[in-house]
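Pasted below: target02.txt, compact mmCIF, C-alpha atoms.
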# COMPACT_ATOMS: atom_id res chain seq x y z
CA MET A 1 54.56 -18.50 -32.48
CA PRO A 2 54.81 -21.25 -35.15
CA TYR A 3 55.41 -23.79 -32.38
CA HIS A 4 58.80 -25.06 -33.50
CA THR A 5 60.84 -24.13 -30.42
CA ALA A 6 60.82 -27.88 -29.61
CA LEU A 7 60.25 -27.04 -25.93
CA ASP A 8 58.06 -29.17 -23.74
CA TRP A 9 55.01 -27.38 -22.35
CA HIS A 10 54.96 -29.09 -18.92
CA THR A 11 51.49 -28.48 -17.69
CA TRP A 12 50.56 -25.03 -16.42
CA LEU A 13 46.87 -25.90 -16.10
CA GLY A 14 45.94 -27.75 -12.95
CA VAL A 15 42.67 -29.36 -11.98
CA GLU A 16 39.48 -27.33 -11.56
CA GLY A 17 40.71 -24.77 -14.09
CA HIS A 18 43.42 -23.28 -11.88
CA THR A 19 46.82 -22.23 -13.19
CA ILE A 20 49.69 -23.69 -11.19
CA ILE A 21 52.53 -21.37 -12.23
CA ALA A 22 52.92 -17.92 -10.67
CA ARG A 23 53.18 -14.99 -13.10
CA GLU A 24 56.50 -13.91 -11.65
CA ASP A 25 57.96 -17.38 -12.34
CA LEU A 26 57.08 -17.45 -16.05
CA LEU A 27 60.48 -16.70 -17.59
CA ASP A 28 62.34 -18.85 -15.07
CA VAL A 29 60.12 -21.81 -15.92
CA VAL A 30 60.29 -21.28 -19.70
CA SER A 31 64.08 -21.08 -19.59
CA GLN A 32 64.15 -24.55 -17.99
CA LEU A 33 61.62 -26.33 -20.20
CA PRO A 34 63.29 -29.46 -21.59
CA PRO A 35 63.52 -29.87 -25.39
CA VAL A 36 61.58 -32.70 -26.98
CA SER A 37 63.39 -32.51 -30.33
CA ASP A 38 65.91 -30.39 -32.20
CA LEU A 39 65.17 -26.67 -32.59
CA ARG A 40 62.70 -26.25 -35.48
CA GLY A 41 62.64 -30.03 -35.68
CA GLY A 42 58.87 -30.22 -35.82
CA PHE A 43 55.53 -28.93 -34.61
CA HIS A 44 55.06 -29.02 -30.84
CA TYR A 45 52.15 -27.08 -29.33
CA ASN A 46 53.21 -24.86 -26.44
CA ASN A 47 51.04 -22.10 -24.95
CA TYR A 48 54.00 -20.68 -23.05
CA ALA A 49 54.98 -18.87 -26.28
CA TYR A 50 51.96 -16.57 -26.00
CA ALA A 51 52.64 -15.89 -22.34
CA VAL A 52 56.20 -14.88 -23.24
CA VAL A 53 54.93 -12.57 -26.00
CA GLY A 54 52.70 -10.92 -23.42
CA LYS A 55 55.76 -10.37 -21.23
CA VAL A 56 57.68 -8.89 -24.19
CA ILE A 57 54.84 -6.44 -24.86
CA ASP A 58 54.89 -5.42 -21.18
CA GLN A 59 58.60 -4.65 -21.27
CA GLN A 60 58.87 -3.10 -24.73
CA THR A 61 55.84 -0.80 -24.58
CA GLY A 62 55.76 0.07 -20.90
CA PHE A 63 52.10 -0.98 -20.77
CA PRO A 64 50.53 -4.25 -19.63
CA TRP A 65 49.87 -6.47 -22.65
CA TYR A 66 46.11 -6.29 -22.09
CA GLU A 67 46.09 -2.48 -22.12
CA PHE A 68 48.22 -2.52 -25.25
CA LEU A 69 45.74 -4.83 -27.00
CA ARG A 70 42.80 -2.69 -25.93
CA ALA A 71 44.37 0.56 -27.18
CA ARG A 72 46.05 -0.76 -30.34
CA VAL A 73 43.63 -3.44 -31.55
CA PHE A 74 40.26 -3.71 -29.82
CA GLU A 75 39.30 -0.03 -29.78
CA PRO A 76 40.51 0.83 -33.33
CA LEU A 77 38.56 -2.13 -34.72
CA GLY A 78 35.44 -1.26 -32.73
CA MET A 79 35.56 -4.50 -30.73
CA LYS A 80 33.56 -3.11 -27.82
CA ARG A 81 32.60 -6.49 -26.34
CA THR A 82 36.14 -7.86 -26.27
CA THR A 83 38.12 -7.79 -23.05
CA THR A 84 40.79 -9.67 -21.13
CA ASN A 85 38.90 -9.71 -17.85
CA ARG A 86 35.17 -10.12 -17.28
CA LYS A 87 35.31 -7.48 -14.54
CA LYS A 88 36.02 -4.91 -17.25
CA LEU A 89 32.76 -5.52 -19.10
CA PRO A 90 30.29 -2.65 -18.64
CA ASP A 91 27.37 -5.00 -17.91
CA GLU A 92 26.42 -8.60 -17.14
CA ASN A 93 25.51 -9.47 -20.73
CA LEU A 94 27.84 -12.42 -21.19
CA ALA A 95 27.75 -16.18 -21.56
CA GLU A 96 29.00 -17.68 -18.32
CA PRO A 97 31.37 -20.65 -18.70
CA HIS A 98 30.10 -23.90 -17.28
CA VAL A 99 30.61 -27.64 -17.21
CA VAL A 100 27.54 -29.89 -17.54
CA LEU A 101 27.43 -33.15 -15.58
CA ASP A 102 25.61 -36.33 -16.57
CA ASP A 103 22.62 -35.42 -14.39
CA ARG A 104 22.50 -32.05 -16.24
CA SER A 105 23.58 -30.12 -13.19
CA ILE A 106 26.03 -27.29 -13.84
CA ILE A 107 29.27 -26.17 -12.24
CA LYS A 108 31.00 -22.89 -13.02
CA PRO A 109 34.75 -23.14 -13.62
CA VAL A 110 37.51 -20.68 -12.79
CA ASP A 111 38.27 -17.89 -15.28
CA VAL A 112 41.60 -17.47 -17.04
CA SER A 113 42.00 -13.69 -17.19
CA ASP A 114 44.72 -11.07 -17.60
CA ASP A 115 45.80 -11.53 -13.99
CA THR A 116 46.95 -15.14 -14.55
CA VAL A 117 50.21 -16.44 -15.98
CA MET A 118 48.49 -17.63 -19.18
CA GLY A 119 46.27 -14.61 -19.67
CA ALA A 120 48.01 -13.72 -22.93
CA ALA A 121 47.45 -17.27 -24.19
CA GLY A 122 43.79 -17.72 -23.30
CA GLY A 123 42.42 -14.73 -21.41
CA VAL A 124 40.74 -12.77 -24.21
CA ARG A 125 36.96 -13.09 -24.24
CA SER A 126 34.85 -11.82 -27.11
CA SER A 127 31.56 -12.15 -29.02
CA VAL A 128 30.68 -13.43 -32.48
CA THR A 129 30.03 -9.86 -33.62
CA ASP A 130 33.45 -8.67 -32.49
CA MET A 131 35.18 -11.75 -33.88
CA MET A 132 33.66 -11.02 -37.28
CA LYS A 133 35.20 -7.53 -37.07
CA TRP A 134 38.51 -9.21 -36.30
CA ALA A 135 38.03 -11.58 -39.24
CA LYS A 136 37.28 -8.72 -41.63
CA ALA A 137 40.41 -6.86 -40.53
CA LEU A 138 42.51 -9.98 -41.15
CA LEU A 139 40.98 -10.67 -44.57
CA ASP A 140 41.40 -7.02 -45.58
CA GLY A 141 45.00 -7.18 -44.43
CA ILE A 142 45.68 -10.31 -46.49
CA HIS A 143 44.32 -8.71 -49.66
CA ASN A 144 45.70 -5.20 -49.10
CA ASP A 145 49.24 -6.07 -48.03
CA THR A 146 50.63 -5.41 -51.51
CA ASN A 147 49.20 -1.92 -51.93
CA TYR A 148 49.28 1.26 -49.89
CA SER A 149 45.63 2.17 -49.85
CA GLU A 150 44.13 4.44 -47.25
CA GLU A 151 42.33 1.41 -45.84
CA LYS A 152 45.61 -0.43 -45.30
CA LEU A 153 47.38 2.53 -43.74
CA SER A 154 44.53 3.12 -41.28
CA SER A 155 44.33 -0.50 -40.14
CA PRO A 156 45.97 -1.42 -36.81
CA LEU A 157 47.01 -4.77 -38.33
CA LYS A 158 50.30 -4.81 -40.23
CA GLN A 159 52.06 -7.49 -42.28
CA VAL A 160 49.07 -9.81 -42.14
CA SER A 161 50.30 -11.85 -45.12
CA THR A 162 53.50 -12.51 -43.15
CA ILE A 163 51.49 -13.59 -40.11
CA VAL A 164 49.41 -16.13 -42.05
CA ALA A 165 52.26 -17.50 -44.20
CA HIS A 166 53.20 -21.12 -43.53
CA ARG A 167 56.16 -21.63 -41.18
CA ASN A 168 56.09 -25.16 -39.92
CA LEU A 169 54.75 -28.57 -40.94
CA ILE A 170 52.15 -29.80 -38.47
CA THR A 171 52.23 -33.33 -39.87
CA THR A 172 53.53 -35.01 -43.01
CA SER A 173 50.67 -37.49 -43.22
CA SER A 174 48.51 -35.32 -45.49
CA VAL A 175 49.13 -34.98 -49.23
CA ASN A 176 47.74 -31.45 -49.22
CA GLU A 177 49.09 -28.60 -47.11
CA ASN A 178 48.86 -29.01 -43.35
CA THR A 179 51.08 -26.31 -41.84
CA TYR A 180 51.20 -23.72 -39.10
CA ALA A 181 51.69 -19.97 -39.44
CA LEU A 182 51.90 -17.39 -36.64
CA GLY A 183 48.82 -18.27 -34.61
CA PHE A 184 46.95 -19.90 -37.51
CA ALA A 185 46.80 -23.42 -38.86
CA ARG A 186 46.69 -23.72 -42.64
CA ALA A 187 45.07 -26.55 -44.57
CA MET A 188 44.21 -27.22 -48.19
CA THR A 189 41.00 -29.19 -48.59
CA PRO A 190 40.43 -32.05 -48.89
CA SER A 191 42.60 -32.90 -45.90
CA THR A 192 42.73 -35.84 -43.52
CA GLU A 193 44.33 -33.56 -40.91
CA LEU A 194 41.90 -30.64 -40.90
CA TRP A 195 40.71 -29.56 -37.43
CA MET A 196 43.45 -31.50 -35.70
CA ILE A 197 43.82 -28.66 -33.17
CA SER A 198 40.24 -29.06 -31.95
CA LEU A 199 39.03 -31.43 -29.24
CA ASN A 200 37.39 -33.49 -31.97
CA SER A 201 40.73 -34.36 -33.59
CA PRO A 202 41.05 -34.97 -37.36
CA LEU A 203 38.11 -36.62 -39.11
CA ARG A 204 40.13 -39.09 -41.14
CA GLU A 205 37.07 -41.26 -41.72
CA ASN A 206 34.95 -38.34 -42.95
CA VAL A 207 36.96 -35.97 -45.12
CA MET A 208 35.11 -32.95 -46.47
CA GLY A 209 35.41 -32.01 -50.11
CA ARG A 210 37.02 -35.11 -51.59
CA ALA A 211 35.11 -34.48 -54.83
CA SER A 212 35.26 -30.67 -54.69
CA PRO A 213 37.87 -28.11 -55.80
CA SER A 214 40.67 -27.57 -53.31
CA ARG A 215 40.66 -24.42 -51.19
CA LEU A 216 42.85 -22.85 -48.51
CA VAL A 217 41.48 -22.63 -44.97
CA LEU A 218 43.11 -20.60 -42.18
CA TYR A 219 41.75 -21.76 -38.86
CA HIS A 220 42.24 -22.18 -35.16
CA ASN A 221 40.37 -23.73 -32.29
CA GLY A 222 40.53 -22.73 -28.66
CA GLY A 223 39.61 -24.44 -25.43
CA GLN A 224 39.65 -23.05 -21.93
CA SER A 225 37.93 -23.99 -18.72
CA GLY A 226 34.23 -23.80 -19.63
CA TYR A 227 34.74 -22.28 -23.09
CA LEU A 228 35.32 -23.57 -26.63
CA SER A 229 35.81 -21.60 -29.84
CA ALA A 230 36.41 -22.13 -33.55
CA PHE A 231 37.56 -19.51 -36.08
CA TYR A 232 37.88 -20.20 -39.83
CA LEU A 233 38.91 -17.92 -42.69
CA SER A 234 38.64 -18.51 -46.43
CA PRO A 235 40.95 -15.90 -48.03
CA GLU A 236 39.84 -16.84 -51.54
CA THR A 237 36.21 -15.85 -50.93
CA ARG A 238 36.92 -13.38 -48.09
CA SER A 239 34.63 -15.43 -45.88
CA ALA A 240 34.75 -16.16 -42.16
CA ILE A 241 33.02 -18.63 -39.86
CA VAL A 242 33.00 -18.10 -36.09
CA ALA A 243 31.44 -20.36 -33.46
CA LEU A 244 31.74 -19.82 -29.71
CA GLY A 245 30.54 -22.10 -26.92
CA ASN A 246 30.34 -21.68 -23.16
CA SER A 247 30.56 -25.30 -22.11
CA TYR A 248 33.00 -28.19 -22.16
CA GLY A 249 30.98 -31.18 -23.28
CA LEU A 250 31.26 -34.50 -25.07
CA GLY A 251 33.22 -33.18 -28.01
CA ASP A 252 33.78 -29.77 -29.54
CA GLY A 253 30.42 -28.21 -30.43
CA PRO A 254 31.80 -25.02 -32.02
CA ASP A 255 34.11 -27.14 -34.18
CA TRP A 256 31.22 -29.28 -35.47
CA THR A 257 29.24 -26.10 -36.15
CA CYS A 258 32.01 -24.53 -38.24
CA GLN A 259 32.52 -27.72 -40.21
CA ALA A 260 28.82 -28.02 -41.03
CA ILE A 261 28.58 -24.36 -42.07
CA MET A 262 31.71 -24.64 -44.21
CA GLN A 263 30.37 -27.74 -45.97
CA ALA A 264 27.09 -25.97 -46.76
CA MET A 265 28.70 -22.62 -47.67
CA PHE A 266 30.99 -24.12 -50.30
CA ASP A 267 28.73 -27.03 -51.28
CA LEU A 268 31.48 -29.53 -50.55
CA GLU A 269 31.01 -33.08 -51.79
CA PRO A 270 30.48 -35.80 -50.74
CA LYS A 271 28.43 -34.67 -47.76
CA VAL A 272 29.65 -35.60 -44.29
CA ASP A 273 26.93 -36.53 -41.79
CA PHE A 274 28.09 -34.33 -38.93
CA ALA A 275 25.20 -35.35 -36.70
CA GLU A 276 26.37 -38.96 -36.84
CA ALA A 277 30.06 -38.00 -36.58
CA SER A 278 29.38 -35.89 -33.49
CA ARG A 279 27.40 -38.72 -31.87
CA ARG A 280 30.32 -41.09 -32.35
CA ARG A 281 32.73 -38.54 -30.92
CA ALA A 282 30.42 -37.91 -27.95
CA GLN A 283 30.36 -41.64 -27.21
CA PHE A 284 34.16 -41.77 -27.45
CA GLU A 285 34.48 -38.86 -24.99
CA PHE A 286 31.89 -40.38 -22.66
CA GLU A 287 33.98 -43.58 -22.49
CA ARG A 288 37.24 -41.77 -21.71
CA TYR A 289 37.06 -42.51 -17.99
CA GLU A 290 36.24 -46.15 -18.66
CA ARG A 291 39.35 -46.47 -20.83
CA LEU A 292 41.51 -44.75 -18.21
CA ALA A 293 40.21 -46.96 -15.41
CA SER A 294 40.74 -50.09 -17.49
CA ASP A 295 44.34 -49.20 -18.36
CA TYR A 296 45.01 -48.15 -14.77
CA ALA A 297 43.79 -51.51 -13.44
CA ARG A 298 45.57 -53.54 -16.13
CA HIS A 299 48.98 -52.00 -15.49
CA ARG A 300 48.48 -52.46 -11.79
CA GLU A 301 47.85 -56.17 -12.31
CA GLU A 302 50.87 -56.49 -14.60
CA ALA A 303 53.29 -55.02 -12.05
CA SER A 304 55.68 -57.69 -10.83
CA HIS A 305 57.09 -58.28 -7.31
CA ARG A 306 54.24 -56.37 -5.74
CA LYS A 307 55.03 -55.20 -2.25
CA TYR A 308 53.17 -53.04 0.23
CA PRO A 309 55.54 -50.54 1.85
CA ARG A 310 54.47 -48.31 4.69
CA LEU A 311 52.75 -45.19 3.40
CA ASP A 312 54.79 -43.19 5.92
CA ASP A 313 57.82 -43.87 3.71
CA PHE A 314 56.47 -41.46 1.11
CA VAL A 315 55.63 -38.52 3.36
CA GLY A 316 57.64 -35.37 2.70
CA ARG A 317 58.12 -32.38 0.46
CA PHE A 318 59.53 -32.96 -3.02
CA GLU A 319 60.61 -30.21 -5.42
CA ASN A 320 61.72 -29.64 -8.98
CA LYS A 321 63.41 -26.28 -8.52
CA SER A 322 64.03 -25.67 -12.22
CA LEU A 323 60.33 -25.87 -13.09
CA LYS A 324 59.19 -24.18 -9.84
CA MET A 325 57.09 -27.20 -8.92
CA SER A 326 56.55 -28.90 -5.58
CA LEU A 327 54.73 -31.93 -4.21
CA ASP A 328 53.75 -31.85 -0.55
CA ILE A 329 52.78 -35.36 0.52
CA ARG A 330 51.30 -35.61 3.98
CA LEU A 331 49.26 -37.82 6.27
CA PRO A 332 45.53 -37.03 6.37
CA ASP A 333 44.05 -35.36 9.41
CA ALA A 334 42.84 -37.96 11.88
CA GLU A 335 39.31 -36.54 11.95
CA ASN A 336 39.00 -36.82 8.15
CA LYS A 337 40.25 -40.39 7.88
CA GLY A 338 37.91 -43.36 7.94
CA PRO A 339 38.65 -46.32 10.23
CA LYS A 340 39.87 -48.57 7.38
CA GLU A 341 41.19 -46.01 4.94
CA GLU A 342 44.88 -45.94 4.09
CA TYR A 343 45.87 -42.97 2.01
CA LEU A 344 48.02 -39.85 1.83
CA ILE A 345 47.24 -36.31 0.71
CA LEU A 346 49.12 -34.68 -2.18
CA ILE A 347 49.18 -30.88 -2.52
CA PHE A 348 50.67 -29.70 -5.83
CA ASN A 349 52.55 -26.36 -5.90
CA ASP A 350 51.19 -25.33 -2.50
CA ARG A 351 47.75 -24.72 -3.99
CA ASN A 352 44.97 -26.24 -1.92
CA SER A 353 42.81 -26.63 -5.03
CA GLN A 354 45.47 -29.00 -6.42
CA HIS A 355 44.90 -31.80 -3.96
CA HIS A 356 44.74 -35.53 -4.64
CA ARG A 357 44.16 -38.61 -2.50
CA LEU A 358 47.09 -41.01 -2.90
CA GLN A 359 46.58 -44.74 -2.40
CA HIS A 360 48.98 -47.63 -2.86
CA TYR A 361 49.15 -48.65 -6.52
CA SER A 362 51.98 -51.17 -6.82
CA ASN A 363 55.42 -51.57 -5.28
CA ASP A 364 56.81 -48.06 -4.67
CA THR A 365 54.07 -46.29 -6.60
CA LEU A 366 51.02 -44.39 -5.41
CA GLY A 367 47.99 -43.57 -7.54
CA PHE A 368 45.10 -41.12 -7.51
CA LEU A 369 42.73 -42.06 -10.33
CA PRO A 370 39.32 -40.37 -9.77
CA ILE A 371 36.75 -42.80 -8.43
CA SER A 372 34.20 -41.98 -11.13
CA ARG A 373 33.69 -40.28 -14.47
CA GLU A 374 31.83 -37.49 -12.70
CA GLU A 375 34.84 -36.72 -10.50
CA LEU A 376 37.02 -36.55 -13.63
CA ILE A 377 34.60 -34.01 -15.13
CA VAL A 378 33.91 -32.02 -11.95
CA ARG A 379 37.64 -31.58 -11.36
CA GLU A 380 38.10 -30.56 -15.01
CA MET A 381 40.95 -32.92 -15.78
CA ILE A 382 41.14 -31.60 -19.32
CA ASP A 383 44.64 -32.72 -20.30
CA TRP A 384 44.63 -36.09 -18.53
CA PHE A 385 44.57 -38.81 -21.19
CA ASP A 386 46.84 -41.66 -20.01
CA TRP A 387 46.72 -43.89 -16.95
CA ASP A 388 50.31 -43.10 -15.91
CA GLN A 389 49.48 -39.43 -15.38
CA PHE A 390 47.69 -40.63 -12.23
CA VAL A 391 50.69 -42.52 -10.81
CA LEU A 392 53.68 -41.32 -8.76
CA THR A 393 56.78 -43.53 -8.83
CA PHE A 394 59.12 -43.18 -5.84
CA ARG A 395 62.88 -43.84 -5.92
CA ARG A 396 64.93 -45.07 -2.96
CA ASP A 397 68.63 -44.79 -2.17
CA GLU A 398 70.87 -47.74 -1.25
CA SER A 399 69.69 -47.62 2.34
CA GLY A 400 66.06 -47.95 1.26
CA LYS A 401 65.05 -44.37 2.06
CA VAL A 402 62.78 -42.61 -0.44
CA LYS A 403 64.74 -39.77 -2.08
CA SER A 404 62.73 -38.70 -5.13
CA VAL A 405 59.54 -39.20 -7.09
CA ASP A 406 58.76 -39.27 -10.83
CA TRP A 407 55.48 -37.99 -12.28
CA ALA A 408 54.46 -38.29 -15.94
CA LEU A 409 52.84 -34.87 -16.18
CA GLN A 410 52.62 -34.83 -19.96
CA VAL A 411 51.64 -37.60 -22.36
CA GLY A 412 54.48 -38.94 -24.47
CA LEU A 413 57.31 -37.24 -22.59
CA PRO A 414 59.68 -38.43 -19.83
CA PRO A 415 58.40 -38.02 -16.26
CA VAL A 416 59.34 -34.97 -14.22
CA ASN A 417 61.60 -35.77 -11.28
CA PHE A 418 61.04 -34.21 -7.85
CA GLN A 419 63.76 -34.44 -5.17
CA LEU A 420 63.01 -34.89 -1.47
CA LEU A 421 63.87 -31.85 0.62
CA GLU A 422 65.86 -33.00 3.63
I'd like the structure from this file rewritten - as structure tokens, please.
Amino acid sequence: MPYHTALDWHTWLGVEGHTIIAREDLLDVVSQLPPVSDLRGGFHYNNYAYAVVGKVIDQQTGFPWYEFLRARVFEPLGMKRTTTNRKKLPDENLAEPHVVLDDRSIIKPVDVSDDTVMGAAGGVRSSVTDMMKWAKALLDGIHNDTNYSEEKLSSPLKQVSTIVAHRNLITTSSVNENTYALGFARAMTPSTELWMISLNSPLRENVMGRASPSRLVLYHNGGQSGYLSAFYLSPETRSAIVALGNSYGLGDGPDWTCQAIMQAMFDLEPKVDFAEASRRRAQFEFERYERLASDYARHREEASHRKYPRLDDFVGRFENKSLKMSLDIRLPDAENKGPKEEYLILIFNDRNSQHHRLQHYSNDTLGFLPISREELIVREMIDWFDWDQFVLTFRRDESGKVKSVDWALQVGLPPVNFQLLE
């Protein structure tokens, strides 16, 4: 839970909000995740840890993890509007997730619920009222852990001070504390690294509280298809700030909201102009596709010895058996192909929603960069930040036959290799 297993988190979230790993394959996949550093060698975010904990709860209690949470946490704390599946809500009083396009039209994404492989990592849905009940239980647990009051004994939460204690350095670039506990980030203000888990990233240019007394903040941000959340605790004042949003937009709205409330609540100085900071971040997010397209085109131009092999060379089924991943590359149906179009169809993990149109990029590489910013948003390419994530590099044997393909699924890590099935 402190994210120092050093295991890669090779993407489990596909396009359009769909998970690409089957629930029954979870442990097999986790056991084969490649290390990115030495064990406990540093902070490396990996949602698979929560999915594994859900599996452990299933096996150790004899109940599904979501039923265990309901019986042992939600109901005792009176969290009546908290569930792991929208179908279990007693009514339709909920904020639907959605993605807003540039023309202000709306699309509704796919839910991550308790029936998906990452349900335990991102399938709990709640309300501000219920999250404040959760916050109170945590704050009470922090302050009551050293005594045996009736309040402590009756709480479903145990060893809270152990849960929120620092375990792992997130970065070493901040003078003040910037660590991770068990499901919580910890920061001492002022900090250049605060909110680094949110979509907004750290505000190193606008640091809150430079001229104010230092204080401990326990926090976490969450993002899922169509939803964003921010949750902050101040143990010193027994205060909590919760902001929930039902849209993925140009930046992290709930995060900005919590920052602004925190600044006002504790009268932090000097004041940060969050309206201006959020506008700059929105512009940065709006230009993400432009940056991707520019890098994609530049690397294409820089490729040497450009050749144009037959697209038929790349047709076939490629698999990485350890990670339970497959690439099915096929010719398009004749009736769907234009007279001058030359492309192939890629189906990832046999899921029709995970389809891409492959076109020649350079030499033995094919690419599938979306044709517009709107396509990038509509297909919810949340974790796609670098140009090479949109490029497949094929490898040939001595005879010139294509035998494998490399795909840089995750930024900053070696590509995943898929072998051709003969």
Got a sec: who's within 12 Å of Phe385 in chain A, counting all atoms listed in the file, leaving out chain neighbours fewer than 5 positions off, as an NGL selection string?
:A and (285 or 287-293 or 295-296 or 369 or 376 or 390 or 408-412)
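Going from CA of Leu233 in chain A over to CA of Gly78 in chain A, you cover 19.7 Å.
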CA of Gly245 in chain A to CA of Leu69 in chain A, straight-line distance in Å:
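Between CA of Leu69 in chain A and CA of Gly245 in chain A the gap works out to 23.0 Å.
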Could you tell me how far CA of His4 in chain A sits from CA of Leu216 in chain A, in Å to one decimal place?
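Going from CA of Leu216 in chain A over to CA of His4 in chain A covers 22.0 Å.
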Per residue of range 117-219 of chain A within 12 Å of range 31-41 of chain A, what are the shortest atom pair and its distance in Å to one decimal, counting only C-alpha atoms, with rows by chain and residue number, as CSV?
residue,atom,partner,partner_atom,distance
A:Arg167,CA,A:Arg40,CA,9.8
A:Asn168,CA,A:Arg40,CA,8.0
A:Leu169,CA,A:Gly41,CA,9.6
A:Ile170,CA,A:Gly41,CA,10.9
A:Thr171,CA,A:Gly41,CA,11.7
Within 10 Å of range 130-133 of chain A: each range 217-328 of chain A residue with its shortest pair, all atoms listed in the file, as a Markdown table:
| residue | atom | partner | partner_atom | distance |
| --- | --- | --- | --- | --- |
| A:Phe231 | CA | A:Met131 | CA | 8.4 |
| A:Ser239 | CA | A:Met132 | CA | 9.7 |
| A:Ala240 | CA | A:Met132 | CA | 7.2 |
| A:Ile241 | CA | A:Met132 | CA | 8.1 |
| A:Val242 | CA | A:Met131 | CA | 7.1 |
| A:Ala243 | CA | A:Met131 | CA | 9.4 |
| A:Leu244 | CA | A:Met131 | CA | 9.7 |
Those same residues - C-alpha atoms - I'd like them written as a compact mmCIF listing (two decimals), keeping the file's coordinate frame.
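Output saved as result.txt:
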# COMPACT_ATOMS: atom_id res chain seq x y z
CA PHE A 231 37.56 -19.51 -36.08
CA SER A 239 34.63 -15.43 -45.88
CA ALA A 240 34.75 -16.16 -42.16
CA ILE A 241 33.02 -18.63 -39.86
CA VAL A 242 33.00 -18.10 -36.09
CA ALA A 243 31.44 -20.36 -33.46
CA LEU A 244 31.74 -19.82 -29.71
With 9 Å as the threshold, what does the neighbourhood of (38.9, -12.9, -47.7) contain in terms of residues, counting all atoms listed in the file? Coordinates are those of the file; answer as a ChimeraX atom specification.
/A:135-136,138-143,233-240
Place a sphere of radius 12 Å on (35.0, -25.4, -36.6) in the file coordinates and name every protein, DNA or RNA residue with an atom inside or on its surface, counting only C-alpha atoms; give the answer as a PyMOL selection string.
chain A and resi 194-203+217-222+228-233+240-245+251-263+274
Which residues come within 6 Å of Tyr227 in chain A, counting all atoms listed in the file, excluding same-chain residues fewer than 3 positions away, as a list in words?
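Within the cut-off, the hits are Pro97, Gly223, Gln224, Gly245, Asn246 and Ser247 of chain A.
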Selection near Met208 in chain A, 8 Å with all atoms listed in the file, sequence-local residues under 4 positions removed, as a VMD selection string:
chain A and resid 189 to 191 263 268 to 272
May I ask which of the residues A:Ala275, A:Leu13, A:Thr365, A:Val52 is the closest one to Phe348 in chain A, counting all atoms listed in the file?
A:Leu13
Quick one: residues within 9 Å of Trp134 in chain A, all atoms listed in the file counted, chain neighbours fewer than 5 positions away excluded, as a short mmCIF file (atom, residue, chain, number, x, y, z; two decimals) with C-alpha atoms, in the frame of the given file?
data_model
loop_
_atom_site.label_atom_id
_atom_site.label_comp_id
_atom_site.auth_asym_id
_atom_site.auth_seq_id
_atom_site.Cartn_x
_atom_site.Cartn_y
_atom_site.Cartn_z
CA PHE A 74 40.26 -3.71 -29.82
CA LEU A 77 38.56 -2.13 -34.72
CA MET A 79 35.56 -4.50 -30.73
CA THR A 129 30.03 -9.86 -33.62
CA LEU A 139 40.98 -10.67 -44.57
#
Return the single residue from A:Ala71, A:Ile21, A:Ala211, A:Val416 that is closest to Pro156 in chain A, with distances computed using all atoms listed in the file.
A:Ala71
Give the answer as one residue: which of A:Met265, A:Leu323, A:Leu413, A:Ala181 has the shortest atom-to-atom distance to Asp28 in chain A, using only C-alpha atoms?
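Among A:Met265, A:Leu323, A:Leu413, A:Ala181, it is A:Leu323 that comes nearest to Asp28 in chain A.
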Can you pull out every residue within 10 Å of range 61-67 of chain A, counting only C-alpha atoms, but drop anything in the same chain fewer than 2 positions away, and send it as a list of chain:residue names?
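Selected residues are A:Ala51, A:Val53, A:Gly54, A:Lys55, A:Val56, A:Ile57, A:Asp58, A:Gln59, A:Leu69, A:Arg70, A:Ala71, A:Arg72, A:Val73, A:Phe74, A:Thr83, A:Thr84, A:Asn85, A:Ser113, A:Asp114, A:Asp115, A:Gly119, A:Ala120, A:Gly123, A:Val124.
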May I ask which of the residues A:Ala282, A:Ser173, A:Glu319, A:Ile382 is the closest one to Arg204 in chain A, counting only C-alpha atoms?
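Using only C-alpha atoms, the shortest distance to Arg204 in chain A belongs to A:Ser173.
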